[in-house]
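Asks: So here's query.cif, just mmCIF, C-alpha atoms:
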data_work
loop_
_atom_site.label_atom_id
_atom_site.label_comp_id
_atom_site.auth_asym_id
_atom_site.auth_seq_id
_atom_site.Cartn_x
_atom_site.Cartn_y
_atom_site.Cartn_z
CA MET T 197 9.02 -8.47 -28.11
CA LYS T 198 11.22 -9.85 -25.35
CA ILE T 199 11.48 -12.93 -23.17
CA LEU T 200 12.63 -12.94 -19.55
CA SER T 201 13.59 -16.28 -18.04
CA ALA T 202 14.95 -17.55 -14.73
CA ASP T 203 15.24 -20.64 -12.57
CA TYR T 204 11.84 -19.76 -11.08
CA VAL T 205 8.78 -17.93 -12.40
CA LEU T 206 6.01 -17.26 -9.87
CA PRO T 207 2.73 -16.39 -11.63
CA ILE T 208 0.99 -16.13 -8.20
CA SER T 209 -2.25 -17.26 -9.89
CA ALA T 210 -0.63 -20.66 -10.54
CA GLU T 211 2.12 -22.82 -9.11
CA PRO T 212 5.77 -21.76 -9.56
CA ILE T 213 7.42 -22.78 -12.82
CA THR T 214 10.98 -24.04 -12.67
CA ASP T 215 13.12 -22.99 -15.64
CA GLY T 216 10.31 -20.63 -16.56
CA ALA T 217 9.88 -17.62 -18.82
CA VAL T 218 7.62 -14.64 -19.46
CA ALA T 219 7.08 -13.22 -22.95
CA ILE T 220 6.28 -9.50 -23.20
CA GLU T 221 5.04 -7.39 -26.09
CA GLY T 222 3.90 -3.77 -26.05
CA GLY T 223 3.85 -3.55 -22.26
CA GLU T 224 1.68 -6.65 -21.91
CA ILE T 225 2.38 -10.23 -20.93
CA ILE T 226 1.58 -12.53 -23.85
CA ALA T 227 2.81 -15.88 -22.53
CA VAL T 228 4.05 -17.56 -19.33
CA GLY T 229 5.48 -21.07 -19.19
CA LYS T 230 8.56 -23.27 -19.44
CA ARG T 231 11.58 -21.49 -20.88
CA ASP T 232 12.19 -23.88 -23.77
CA GLU T 233 8.55 -23.80 -24.82
CA ILE T 234 8.33 -20.00 -24.74
CA ILE T 235 11.54 -19.62 -26.75
CA LEU T 236 10.26 -22.13 -29.29
CA GLN T 237 6.95 -20.26 -29.51
CA TYR T 238 8.63 -16.87 -30.08
CA PRO T 239 11.95 -17.63 -31.82
CA ASP T 240 12.54 -14.04 -32.97
CA ALA T 241 12.09 -12.42 -29.56
CA GLY T 242 15.03 -11.02 -27.61
CA HIS T 243 15.84 -13.23 -24.63
CA GLU T 244 17.44 -12.48 -21.25
CA ASN T 245 18.06 -15.31 -18.82
CA PHE T 246 18.55 -14.20 -15.21
CA GLY T 247 19.60 -17.68 -14.12
CA LYS T 248 19.52 -18.19 -10.36
CA ALA T 249 16.65 -15.78 -9.75
CA ALA T 250 12.87 -15.53 -9.40
CA ILE T 251 10.56 -13.61 -11.73
CA LEU T 252 7.30 -12.53 -10.12
CA PRO T 253 4.68 -9.77 -10.33
CA GLY T 254 5.90 -6.40 -9.10
CA PHE T 255 5.14 -5.73 -5.46
CA VAL T 256 2.15 -3.51 -4.65
CA ASN T 257 2.68 -1.14 -1.72
CA CYS T 258 -0.94 -0.22 -1.10
CA HIS T 259 -0.40 2.22 1.79
CA SER T 260 2.39 4.78 1.72
CA HIS T 261 3.10 8.46 2.33
CA LEU T 262 5.85 9.34 -0.14
CA GLU T 263 5.72 13.06 0.57
CA ILE T 264 7.15 12.60 4.09
CA THR T 265 10.16 10.54 3.01
CA ALA T 266 12.42 13.35 4.27
CA SER T 267 11.23 12.62 7.83
CA ARG T 268 12.94 9.21 7.94
CA GLY T 269 14.54 8.89 11.38
CA ALA T 270 13.52 12.41 12.42
CA LEU T 271 10.79 11.20 14.78
CA ASP T 272 12.38 8.11 16.26
CA ASP T 273 13.05 9.84 19.58
CA VAL T 274 9.31 10.29 20.20
CA GLU T 275 8.69 7.45 22.61
CA HIS T 276 5.26 5.81 22.85
CA ASP T 277 3.39 9.04 22.32
CA PHE T 278 1.26 9.01 19.17
CA ARG T 279 0.01 12.56 19.76
CA SER T 280 3.53 14.03 19.96
CA TRP T 281 4.55 12.05 16.88
CA LEU T 282 1.62 13.38 14.84
CA LEU T 283 2.18 16.98 15.96
CA ARG T 284 5.94 16.82 15.30
CA LEU T 285 5.32 15.32 11.88
CA ASN T 286 2.90 18.11 11.02
CA ASP T 287 5.50 20.70 12.07
CA LEU T 288 8.20 19.07 9.94
CA ARG T 289 5.96 18.89 6.89
CA SER T 290 4.78 22.49 7.32
CA ALA T 291 8.39 23.70 7.35
CA MET T 292 9.10 22.18 3.92
CA SER T 293 8.58 23.92 0.59
CA ASP T 294 6.53 22.33 -2.18
CA ALA T 295 9.76 21.62 -4.08
CA GLU T 296 11.29 19.89 -1.06
CA ILE T 297 8.18 17.78 -0.55
CA GLU T 298 8.19 16.71 -4.20
CA ALA T 299 11.90 15.87 -4.06
CA ALA T 300 11.25 13.73 -0.98
CA ALA T 301 8.41 11.94 -2.75
CA ILE T 302 10.63 11.20 -5.77
CA ALA T 303 13.29 9.77 -3.46
CA GLY T 304 10.66 7.54 -1.86
CA ALA T 305 9.36 6.38 -5.23
CA ASN T 306 12.90 5.51 -6.33
CA GLU T 307 13.40 3.55 -3.14
CA GLY T 308 10.26 1.58 -3.93
CA ALA T 309 11.37 0.88 -7.51
CA ARG T 310 14.71 -0.29 -6.15
CA ALA T 311 12.81 -2.76 -3.96
CA GLY T 312 10.72 -4.22 -6.79
CA VAL T 313 7.63 -2.14 -5.98
CA THR T 314 5.81 -1.37 -9.22
CA CYS T 315 2.64 0.15 -7.76
CA PHE T 316 1.87 2.46 -4.84
CA GLY T 317 -1.31 3.40 -3.05
CA ASP T 318 -0.03 6.76 -1.87
CA ILE T 319 -1.73 9.19 0.50
CA GLY T 320 -0.70 12.82 0.71
CA ARG T 321 -1.89 16.24 1.83
CA CYS T 322 0.06 17.58 -1.13
CA GLY T 323 -1.30 14.98 -3.55
CA LYS T 324 0.55 16.53 -6.46
CA ALA T 325 3.91 15.55 -4.92
CA GLY T 326 3.07 11.84 -4.86
CA LEU T 327 1.52 11.93 -8.30
CA GLU T 328 4.50 13.70 -9.89
CA ALA T 329 6.90 11.34 -8.13
CA LEU T 330 5.21 8.24 -9.52
CA LYS T 331 5.07 9.78 -12.99
CA LYS T 332 8.73 10.81 -12.98
CA VAL T 333 9.98 7.44 -11.74
CA GLY T 334 7.65 5.53 -14.09
CA LEU T 335 5.62 3.68 -11.48
CA ARG T 336 1.95 2.74 -11.39
CA GLY T 337 -0.33 3.82 -8.59
CA VAL T 338 -3.37 5.43 -7.05
CA VAL T 339 -2.68 8.78 -5.37
CA PHE T 340 -5.20 9.62 -2.65
CA GLN T 341 -5.68 13.32 -1.95
CA GLU T 342 -5.96 13.63 1.83
CA THR T 343 -8.32 15.85 3.80
CA GLU T 344 -7.17 18.59 6.12
CA PHE T 345 -7.79 18.28 9.88
CA SER T 346 -11.57 18.71 9.99
CA PRO T 347 -13.38 16.94 12.88
CA ASP T 348 -16.05 19.65 13.25
CA ASP T 349 -19.39 19.27 11.42
CA ARG T 350 -19.65 23.05 11.08
CA THR T 351 -16.82 23.18 8.53
CA ALA T 352 -18.01 20.27 6.37
CA ASP T 353 -19.53 22.36 3.55
CA ASP T 354 -16.35 24.37 3.07
CA GLU T 355 -14.10 21.32 3.41
CA ILE T 356 -15.91 19.23 0.78
CA GLN T 357 -15.67 22.09 -1.71
CA ARG T 358 -11.93 22.51 -1.10
CA LEU T 359 -11.40 18.75 -1.34
CA ALA T 360 -13.39 18.50 -4.58
CA ASP T 361 -11.40 21.35 -6.11
CA LYS T 362 -8.12 19.64 -5.20
CA PHE T 363 -9.37 16.33 -6.57
CA PHE T 364 -10.45 17.71 -9.93
CA GLU T 365 -7.19 19.66 -10.30
CA LEU T 366 -5.17 16.55 -9.48
CA ARG T 367 -7.21 14.34 -11.80
CA GLU T 368 -6.35 16.65 -14.71
CA THR T 369 -2.74 15.46 -14.46
CA ALA T 370 -3.48 11.73 -14.01
CA THR T 371 -2.21 9.23 -16.58
CA ASP T 372 -2.90 5.69 -17.71
CA LEU T 373 -0.49 4.51 -15.00
CA VAL T 374 -1.39 6.88 -12.16
CA GLU T 375 -4.96 7.34 -10.98
CA VAL T 376 -6.39 9.72 -8.36
CA GLY T 377 -8.51 8.97 -5.32
CA LEU T 378 -9.49 10.60 -2.02
CA SER T 379 -8.46 9.95 1.57
CA PRO T 380 -10.69 11.26 4.33
CA HIS T 381 -7.84 10.83 6.78
CA SER T 382 -9.41 9.01 9.73
CA PRO T 383 -12.39 8.81 12.11
CA TYR T 384 -10.54 11.10 14.51
CA THR T 385 -9.79 13.88 12.01
CA VAL T 386 -12.91 13.90 9.81
CA SER T 387 -16.40 14.82 11.04
CA GLN T 388 -19.44 12.65 10.48
CA ARG T 389 -20.99 15.25 8.18
CA LEU T 390 -17.84 15.48 6.06
CA PHE T 391 -17.63 11.69 5.78
CA GLU T 392 -21.23 11.69 4.54
CA LYS T 393 -20.49 14.36 1.95
CA ILE T 394 -17.34 12.57 0.75
CA ALA T 395 -19.35 9.34 0.45
CA GLU T 396 -21.89 11.10 -1.79
CA PHE T 397 -19.15 12.73 -3.87
CA ALA T 398 -17.22 9.46 -4.26
CA ALA T 399 -20.34 7.57 -5.37
CA MET T 400 -21.19 10.27 -7.90
CA GLU T 401 -17.66 10.41 -9.39
CA ASN T 402 -16.73 6.71 -8.89
CA ILE T 403 -13.70 7.62 -6.78
CA ASN T 404 -11.37 5.24 -4.93
CA ILE T 405 -11.26 5.98 -1.20
CA SER T 406 -8.64 5.15 1.43
CA ILE T 407 -8.96 5.77 5.19
CA HIS T 408 -6.78 5.20 8.25
CA ALA T 409 -9.10 3.19 10.50
CA ALA T 410 -8.97 1.38 13.85
CA GLU T 411 -5.27 2.15 14.07
CA SER T 412 -4.72 2.76 17.78
CA ALA T 413 -6.07 2.51 21.31
CA GLU T 414 -6.22 6.32 21.35
CA GLU T 415 -8.55 6.32 18.34
CA ARG T 416 -10.70 3.63 19.93
CA ALA T 417 -10.97 5.65 23.17
CA LEU T 418 -12.16 8.68 21.24
CA VAL T 419 -14.86 7.06 19.12
CA MET T 420 -16.05 4.55 21.72
CA ASP T 421 -15.81 6.52 24.96
CA ASP T 422 -15.28 10.17 24.00
CA SER T 423 -12.00 10.17 25.94
CA GLY T 424 -8.25 10.39 25.41
CA PHE T 425 -5.78 12.92 24.09
CA PHE T 426 -7.68 13.78 20.91
CA ILE T 427 -10.34 15.42 23.09
CA GLU T 428 -7.64 17.74 24.49
CA VAL T 429 -6.58 18.69 20.95
CA TYR T 430 -10.17 19.46 19.94
CA LYS T 431 -10.66 21.68 22.98
CA LYS T 432 -7.39 23.52 22.30
CA PHE T 433 -8.48 24.44 18.77
CA GLY T 434 -12.15 25.06 19.58
CA PHE T 435 -13.56 22.13 17.59
CA GLU T 436 -16.98 20.68 18.35
CA TRP T 437 -16.92 16.88 18.44
CA ASN T 438 -19.79 14.44 18.87
CA SER T 439 -18.57 10.97 19.72
CA PRO T 440 -20.37 8.22 17.76
CA ARG T 441 -19.98 5.85 20.76
CA CYS T 442 -19.20 2.91 18.51
CA SER T 443 -16.19 1.35 16.81
CA SER T 444 -14.41 3.17 14.00
CA VAL T 445 -15.68 0.66 11.44
CA GLU T 446 -19.26 1.01 12.70
CA PHE T 447 -18.85 4.79 12.49
CA LEU T 448 -17.73 4.52 8.86
CA GLU T 449 -20.68 2.25 8.14
CA ARG T 450 -23.10 4.79 9.64
CA THR T 451 -21.79 7.63 7.50
CA GLY T 452 -22.17 5.65 4.29
CA ILE T 453 -18.45 5.87 3.48
CA LEU T 454 -18.04 2.12 4.01
CA GLN T 455 -20.42 1.57 1.09
CA THR T 456 -17.85 3.16 -1.23
CA LYS T 457 -15.70 0.04 -0.58
CA PRO T 458 -12.74 1.96 0.81
CA LEU T 459 -9.23 0.68 1.40
CA LEU T 460 -8.85 0.74 5.19
CA ALA T 461 -5.32 1.09 6.52
CA HIS T 462 -4.17 -0.63 9.75
CA CYS T 463 -7.37 -2.12 11.29
CA VAL T 464 -5.47 -3.09 14.44
CA THR T 465 -8.29 -2.77 16.97
CA VAL T 466 -11.10 -4.31 14.92
CA SER T 467 -13.54 -6.81 16.42
CA ASP T 468 -15.02 -9.85 14.69
CA SER T 469 -18.18 -7.84 13.97
CA ASP T 470 -16.03 -5.07 12.44
CA ILE T 471 -14.34 -7.63 10.21
CA GLU T 472 -17.74 -8.86 9.06
CA LEU T 473 -18.80 -5.28 8.22
CA ILE T 474 -15.63 -4.82 6.17
CA ARG T 475 -16.19 -8.11 4.35
CA ALA T 476 -19.87 -7.52 3.69
CA SER T 477 -19.25 -4.03 2.29
CA GLY T 478 -16.57 -5.24 -0.12
CA SER T 479 -13.99 -2.97 1.48
CA SER T 480 -10.31 -3.94 1.56
CA ILE T 481 -7.46 -3.64 4.07
CA ALA T 482 -3.90 -2.32 3.89
CA HIS T 483 -1.94 -4.33 6.44
CA CYS T 484 1.02 -2.35 7.85
CA PRO T 485 2.60 -4.59 10.51
CA LYS T 486 5.95 -2.84 10.91
CA SER T 487 4.42 0.61 11.33
CA ASN T 488 1.89 -0.82 13.78
CA ALA T 489 4.69 -2.42 15.78
CA LYS T 490 6.89 0.67 15.79
CA PHE T 491 4.09 2.68 17.39
CA GLY T 492 3.29 -0.16 19.78
CA HIS T 493 -0.28 -0.20 18.49
CA GLY T 494 -0.58 -3.97 18.60
CA TYR T 495 -1.21 -6.85 16.21
CA ALA T 496 -3.87 -6.62 13.51
CA PRO T 497 -5.67 -10.00 13.15
CA PHE T 498 -4.13 -10.66 9.74
CA GLU T 499 -5.13 -14.29 9.33
CA LYS T 500 -8.72 -13.41 10.23
CA PHE T 501 -8.76 -10.88 7.39
CA LEU T 502 -7.54 -13.48 4.92
CA ASP T 503 -9.84 -16.23 6.20
CA SER T 504 -12.83 -13.88 5.93
CA GLY T 505 -12.17 -13.40 2.23
CA ILE T 506 -11.27 -9.71 2.51
CA ALA T 507 -8.82 -8.36 -0.08
CA VAL T 508 -5.66 -7.59 1.91
CA GLY T 509 -2.50 -5.92 0.65
CA LEU T 510 0.70 -4.87 2.37
CA GLY T 511 1.66 -1.28 3.13
CA SER T 512 4.96 0.08 4.31
CA ASP T 513 3.27 3.28 5.58
CA SER T 514 5.75 6.17 5.62
CA VAL T 515 9.46 5.80 6.22
CA ALA T 516 8.85 8.09 9.21
CA SER T 517 7.03 5.20 10.86
CA ASN T 518 8.81 2.26 9.22
CA ASN T 519 12.18 3.60 8.04
CA VAL T 520 12.28 1.46 4.90
CA CYS T 521 10.10 0.67 1.89
CA ASP T 522 10.81 -3.04 1.41
CA LEU T 523 7.86 -5.35 0.80
CA LEU T 524 9.95 -8.51 1.03
CA GLU T 525 11.01 -7.48 4.52
CA GLU T 526 7.44 -6.38 5.27
CA SER T 527 6.24 -9.84 4.16
CA ARG T 528 8.67 -11.58 6.47
CA PHE T 529 7.72 -9.38 9.41
CA ALA T 530 4.00 -9.80 8.67
CA ALA T 531 4.26 -13.58 8.68
CA LEU T 532 6.29 -13.71 11.90
CA ALA T 533 4.10 -11.14 13.67
CA ALA T 534 0.94 -13.01 12.70
CA ARG T 535 2.37 -16.27 14.03
CA ASN T 536 3.26 -14.53 17.29
CA ARG T 537 -0.06 -12.71 17.76
CA PRO T 538 -1.84 -13.78 20.96
CA GLY T 539 -4.91 -15.79 20.04
CA ASN T 540 -3.83 -16.58 16.48
CA LYS T 541 -5.53 -19.65 15.04
CA ARG T 542 -2.98 -20.68 12.42
CA PHE T 543 0.29 -19.80 10.73
CA ILE T 544 0.48 -17.57 7.68
CA SER T 545 2.46 -19.34 4.95
CA PRO T 546 5.16 -17.66 2.82
CA LYS T 547 3.04 -18.43 -0.24
CA GLU T 548 0.15 -16.43 1.26
CA MET T 549 2.55 -13.59 2.03
CA LEU T 550 3.73 -13.31 -1.57
CA GLU T 551 0.13 -13.33 -2.75
CA THR T 552 -0.68 -10.53 -0.29
CA ALA T 553 2.33 -8.49 -1.45
CA THR T 554 1.29 -8.76 -5.11
CA LEU T 555 -2.26 -9.81 -6.01
CA GLY T 556 -3.69 -8.82 -2.62
CA GLY T 557 -2.45 -5.26 -3.02
CA ALA T 558 -3.72 -5.15 -6.60
CA LYS T 559 -7.18 -6.22 -5.42
CA ALA T 560 -7.10 -3.70 -2.57
CA LEU T 561 -6.46 -0.91 -5.09
CA ARG T 562 -8.98 -2.32 -7.60
CA LEU T 563 -6.23 -2.93 -10.15
CA ASP T 564 -6.26 -6.73 -10.22
CA ASP T 565 -7.70 -6.76 -13.74
CA ARG T 566 -4.37 -5.27 -14.86
CA ILE T 567 -1.67 -6.32 -12.39
CA GLY T 568 -0.86 -8.66 -9.50
CA THR T 569 -0.25 -11.89 -11.42
CA LEU T 570 1.82 -13.07 -14.37
CA GLU T 571 -0.82 -14.02 -16.92
CA PRO T 572 -1.39 -13.33 -20.61
CA GLY T 573 -3.31 -10.08 -20.97
CA LYS T 574 -1.98 -8.56 -17.76
CA GLN T 575 0.37 -5.58 -17.74
CA ALA T 576 4.05 -6.51 -17.58
CA ASP T 577 4.69 -5.12 -14.09
CA ILE T 578 7.51 -7.41 -13.01
CA ALA T 579 10.23 -7.76 -10.37
CA VAL T 580 13.24 -10.05 -10.70
CA VAL T 581 14.81 -11.15 -7.42
CA SER T 582 18.29 -12.65 -7.41
CA LEU T 583 18.82 -15.88 -5.45
CA THR T 584 22.61 -15.77 -5.50
CA ASN T 585 23.16 -14.44 -1.98
CA ILE T 586 24.72 -17.01 0.34
CA ALA T 587 22.08 -16.07 2.93
CA GLN T 588 19.42 -17.45 0.55
CA GLN T 589 21.08 -20.82 -0.02
CA PRO T 590 20.00 -23.51 -0.45
CA VAL T 591 16.64 -22.80 -2.09
CA ASN T 592 14.58 -25.73 -0.86
CA GLU T 593 11.23 -23.96 -1.32
CA ILE T 594 10.99 -20.82 -3.42
CA HIS T 595 8.26 -19.01 -1.47
CA ALA T 596 10.18 -19.46 1.78
CA ALA T 597 13.45 -18.37 0.16
CA LEU T 598 11.83 -15.12 -1.00
CA VAL T 599 9.88 -14.29 2.15
CA PHE T 600 12.20 -15.51 4.89
CA ALA T 601 15.65 -15.05 3.32
CA SER T 602 15.40 -12.17 0.81
CA ASN T 603 15.02 -8.40 0.90
CA ALA T 604 15.05 -5.33 -1.33
CA ARG T 605 18.79 -5.57 -1.92
CA ASP T 606 18.24 -8.79 -3.86
CA VAL T 607 16.03 -7.11 -6.48
CA VAL T 608 17.92 -6.78 -9.77
CA ILE T 609 15.33 -5.38 -12.15
CA THR T 610 11.92 -3.69 -11.98
CA LEU T 611 9.61 -3.24 -14.99
CA VAL T 612 6.32 -1.34 -15.27
CA ALA T 613 4.17 -1.97 -18.33
CA GLY T 614 7.18 -3.70 -19.86
CA GLU T 615 9.41 -0.65 -19.42
CA GLU T 616 12.58 -1.10 -17.40
CA ILE T 617 12.68 1.56 -14.69
CA TYR T 618 15.40 0.07 -12.48
CA ARG T 619 18.31 -2.33 -13.01
CA ASP T 620 21.31 -3.13 -10.80
CA GLY T 621 21.53 0.24 -9.09
CA THR T 622 20.52 2.35 -12.09
CA PHE T 623 17.24 4.20 -12.56
CA TRP T 624 16.25 4.79 -16.17
CA LYS T 625 14.00 7.83 -15.73
#
Rewrite the structure of this file - the entire thing - as structure tokens.
Replies:
Amino acid sequence: MKILSADYVLPISAEPITDGAVAIEGGEIIAVGKRDEIILQYPDAGHENFGKAAILPGFVNCHSHLEITASRGALDDVEHDFRSWLLRLNDLRSAMSDAEIEAAAIAGANEGARAGVTCFGDIGRCGKAGLEALKKVGLRGVVFQETEFSPDDRTADDEIQRLADKFFELRETATDLVEVGLSPHSPYTVSQRLFEKIAEFAAMENINISIHAAESAEERALVMDDSGFFIEVYKKFGFEWNSPRCSSVEFLERTGILQTKPLLAHCVTVSDSDIELIRASGSSIAHCPKSNAKFGHGYAPFEKFLDSGIAVGLGSDSVASNNVCDLLEESRFAALAARNRPGNKRFISPKEMLETATLGGAKALRLDDRIGTLEPGKQADIAVVSLTNIAQQPVNEIHAALVFASNARDVVITLVAGEEIYRDGTFWK
């Protein structure tokens, strides 16, 4: 048994506790409260006081691509051309060996642990790379096996068999910490028939699903108007494509995949009716503001998602489209971008941002029964953030100090299920 204490403890499910503490036993939180009371309650427990710091639930990065960590900065010269970016990325990934991809994923997972991320929702074509990376670093997560490029209905039968085979093989190596899901990549790379088959398979096997959806104007042009550069790509490779002539979210609803309650990444171009479909289906959203901004895709209506009652988490996306995995920085950017979005109705508070970065992500990945808050019975997935940097002083309000004045470099320790996986520059696995 051990006790961690600090000037601030943020349970997320309750108000911050000054001079607070968290008691941990066997990977589980057994008590949260005032330091003196917790020490009195467990007098024989080991105790570490972090002093001028904040203890909070580990951050949940619910949309990432760890396997392309090696592409950081390699695509930054592709200016305002999503098609060229996607094609260049595919070329870079194809040129890498399986060992190189896994090494890149491990590096990305370590970067996350260094930033206080305890859980990833990771999407990969080579799902094994992300899964092995999370296992080796000691992180929690859901690894989503991604589909190949398959927009043609004629290939759906073969594609669902290949995808099912990959899923079952990957699931054989899952653990208590790392689960396996599926990612039919997007409405512009997956045919209607394949979406329908994946929906049936997911319902039968109770599989978590994640999809890139409503990400760009180019995607919207394809599904709404049967126009844009994706049409050129389909013609080049001889694919048959039948435009649904509706929004991406409506398309997902038609195929039945929305009824699997998927985690939808981006959702930049959604309408109010799309948001209602997402809410009514029980689906969740991975909000990736920095990646959206880097591509120039626009502002997702973040506060509308929250106000609709949709479970929303933060995602860094890949470091090829963000450059860093830092959910404190992502939180700051998300709050400022939302406040600056044309037509916004209100400001997002730093308290809401911390909830999104922790409990929101846990809900989005369907893990909130285990993580996302500091409460007795929850897993001890914890980040400790130092508040000693002069750039953080003075701490007048703890949520604001964390969101608006802190970043990954202030994280001093990361624990998953009570196990220390990172401390002060050292990784323990």
Asks: Between atom CA of Gly337 of chain T and atom CA of Gly511 of chain T, what is the distance, to one decimal in Å?
Replies: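 Computed distance, atom CA of Gly337 of chain T to atom CA of Gly511 of chain T, equals 12.9 Å.
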Asks: So that I can see what lies close to Ile234 of chain T, please list as a compact mmCIF listing (two decimals) with C-alpha atoms, in the frame of the given file the residues with an atom at most 10 Å from it, counting all atoms listed in the file and leaving out residues fewer than 5 positions away in the same chain.
Replies:
# COMPACT_ATOMS: atom_id res chain seq x y z
CA ILE T 199 11.48 -12.93 -23.17
CA LEU T 200 12.63 -12.94 -19.55
CA SER T 201 13.59 -16.28 -18.04
CA GLY T 216 10.31 -20.63 -16.56
CA ALA T 217 9.88 -17.62 -18.82
CA VAL T 218 7.62 -14.64 -19.46
CA ALA T 219 7.08 -13.22 -22.95
CA ALA T 227 2.81 -15.88 -22.53
CA VAL T 228 4.05 -17.56 -19.33
CA GLY T 229 5.48 -21.07 -19.19
CA PRO T 239 11.95 -17.63 -31.82
CA ALA T 241 12.09 -12.42 -29.56
Asks: Do a neighbour search on Gly312 of chain T at 12 Å with only C-alpha atoms, toss out local chain neighbours closer than 6 positions, and write the hits as a ChimeraX atom specification.
Replies: /T:250-257,305-306,335,521-525,553-554,577-582,602-612,616-621
Asks: Using only C-alpha atoms, what residues lie at most 9 Å away from (-5.3, 3.5, -3.2) (file coordinates), given as a list in words?
Replies: Cys258, His259, Phe316, Gly317, Asp318, Ile319, Gly337, Val338, Val339, Phe340, Glu375, Val376, Gly377, Leu378, Ser379, Asn404, Ile405, Ser406, Pro458, Leu459, Ala560, Leu561 and Arg562 of chain T
Asks: Apply the PyMOL selection byres ((chain T and resi 451) around 10) to the displayed file and report the matching residues as a ChimeraX atom specification.
Replies: /T:387-396,446-450,452-455
Asks: I want to know what sits within 9 Å of segment 291-296 of chain T, based on all atoms listed in the file, with residues of the same chain fewer than 6 positions away left out; could you give that as a count of residues only?
Replies: 4
Asks: With distances taken over all atoms listed in the file, which residue among T:Arg336, T:His493, T:Arg350, T:Arg321 lies nearest Thr371 of chain T?
Replies: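 Smallest separation from Thr371 of chain T among the options: T:Arg336.
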Asks: Enter the distance from atom CA of Ile302 of chain T to atom CA of Thr265 of chain T, in Å, rounded to one decimal.
Replies: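 For atom CA of Ile302 of chain T relative to atom CA of Thr265 of chain T, the distance reads 8.8 Å.
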Asks: Could you tell me, as a ChimeraX atom specification, exactly which residues end up selected when the PyMOL selection byres ((chain T and resi 485) around 8) is applied to this structure?
Replies: /T:462,483-484,486-489,495-496,526,529-530,533
Asks: Around segment 397-404 of chain T, fit a box with edges along x, y and z, padding it by 3 Å on each side, then list its centre and edge lengths in Å to one decimal as JSON.
Replies:
{"center_x": -16.3, "center_y": 9.0, "center_z": -6.6, "size_x": 15.8, "size_y": 13.5, "size_z": 11.5}
Asks: I'd like the residues picked by the PyMOL selection byres ((chain T and resi 382) around 10) written out as a list in words, using the chain letters and numbers from the file.
Replies: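 This file, filtered by the PyMOL selection byres ((chain T and resi 382) around 10), leaves Glu342, Thr343, Phe345, Ser346, Pro347, Ser379, Pro380, His381, Pro383, Tyr384, Thr385, Val386, Ser387, Phe391, Ser406, Ile407, His408, Ala409, Ala410, Glu411, Glu415, Ser444, Leu448, Leu460 and Ala461 of chain T.
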Asks: So the first atom is atom CA of Ser412 of chain T and the second is atom CA of Ala482 of chain T; what is the distance between them in Å, to one decimal place?
Replies: 14.8 Å
Asks: Check the smallest atom-to-atom distance from each of T:Pro590, T:Phe426, T:Val419, T:Phe543 to Asn438 of chain T using only C-alpha atoms, then report the winner.
Replies: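 Comparing T:Pro590, T:Phe426, T:Val419, T:Phe543 against Asn438 of chain T, the winner is T:Val419.
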Asks: What would segment 358-368 of chain T look like with N, CA and C atoms restored, written as a CSV table (one decimal), in the coordinates of the input?
Replies:
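The resulting file, result.csv, is shown below:
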chain,number,residue,atom,x,y,z
T,358,ARG,N,-13.4,22.4,-0.9
T,358,ARG,CA,-11.9,22.5,-1.1
T,358,ARG,C,-11.4,21.2,-1.6
T,359,LEU,N,-11.9,20.1,-1.0
T,359,LEU,CA,-11.4,18.8,-1.3
T,359,LEU,C,-11.8,18.4,-2.8
T,360,ALA,N,-13.0,18.8,-3.2
T,360,ALA,CA,-13.4,18.5,-4.6
T,360,ALA,C,-12.5,19.3,-5.6
T,361,ASP,N,-12.2,20.5,-5.2
T,361,ASP,CA,-11.4,21.4,-6.1
T,361,ASP,C,-10.0,20.7,-6.3
T,362,LYS,N,-9.4,20.3,-5.1
T,362,LYS,CA,-8.1,19.6,-5.2
T,362,LYS,C,-8.2,18.4,-6.0
T,363,PHE,N,-9.2,17.6,-5.8
T,363,PHE,CA,-9.4,16.3,-6.6
T,363,PHE,C,-9.4,16.6,-8.1
T,364,PHE,N,-10.3,17.5,-8.5
T,364,PHE,CA,-10.4,17.7,-9.9
T,364,PHE,C,-9.2,18.3,-10.5
T,365,GLU,N,-8.5,19.1,-9.8
T,365,GLU,CA,-7.2,19.7,-10.3
T,365,GLU,C,-6.2,18.5,-10.4
T,366,LEU,N,-6.1,17.7,-9.5
T,366,LEU,CA,-5.2,16.6,-9.5
T,366,LEU,C,-5.5,15.6,-10.6
T,367,ARG,N,-6.8,15.3,-10.8
T,367,ARG,CA,-7.2,14.3,-11.8
T,367,ARG,C,-6.9,14.8,-13.2
T,368,GLU,N,-6.7,16.1,-13.4
T,368,GLU,CA,-6.4,16.6,-14.7
T,368,GLU,C,-5.0,16.2,-15.1
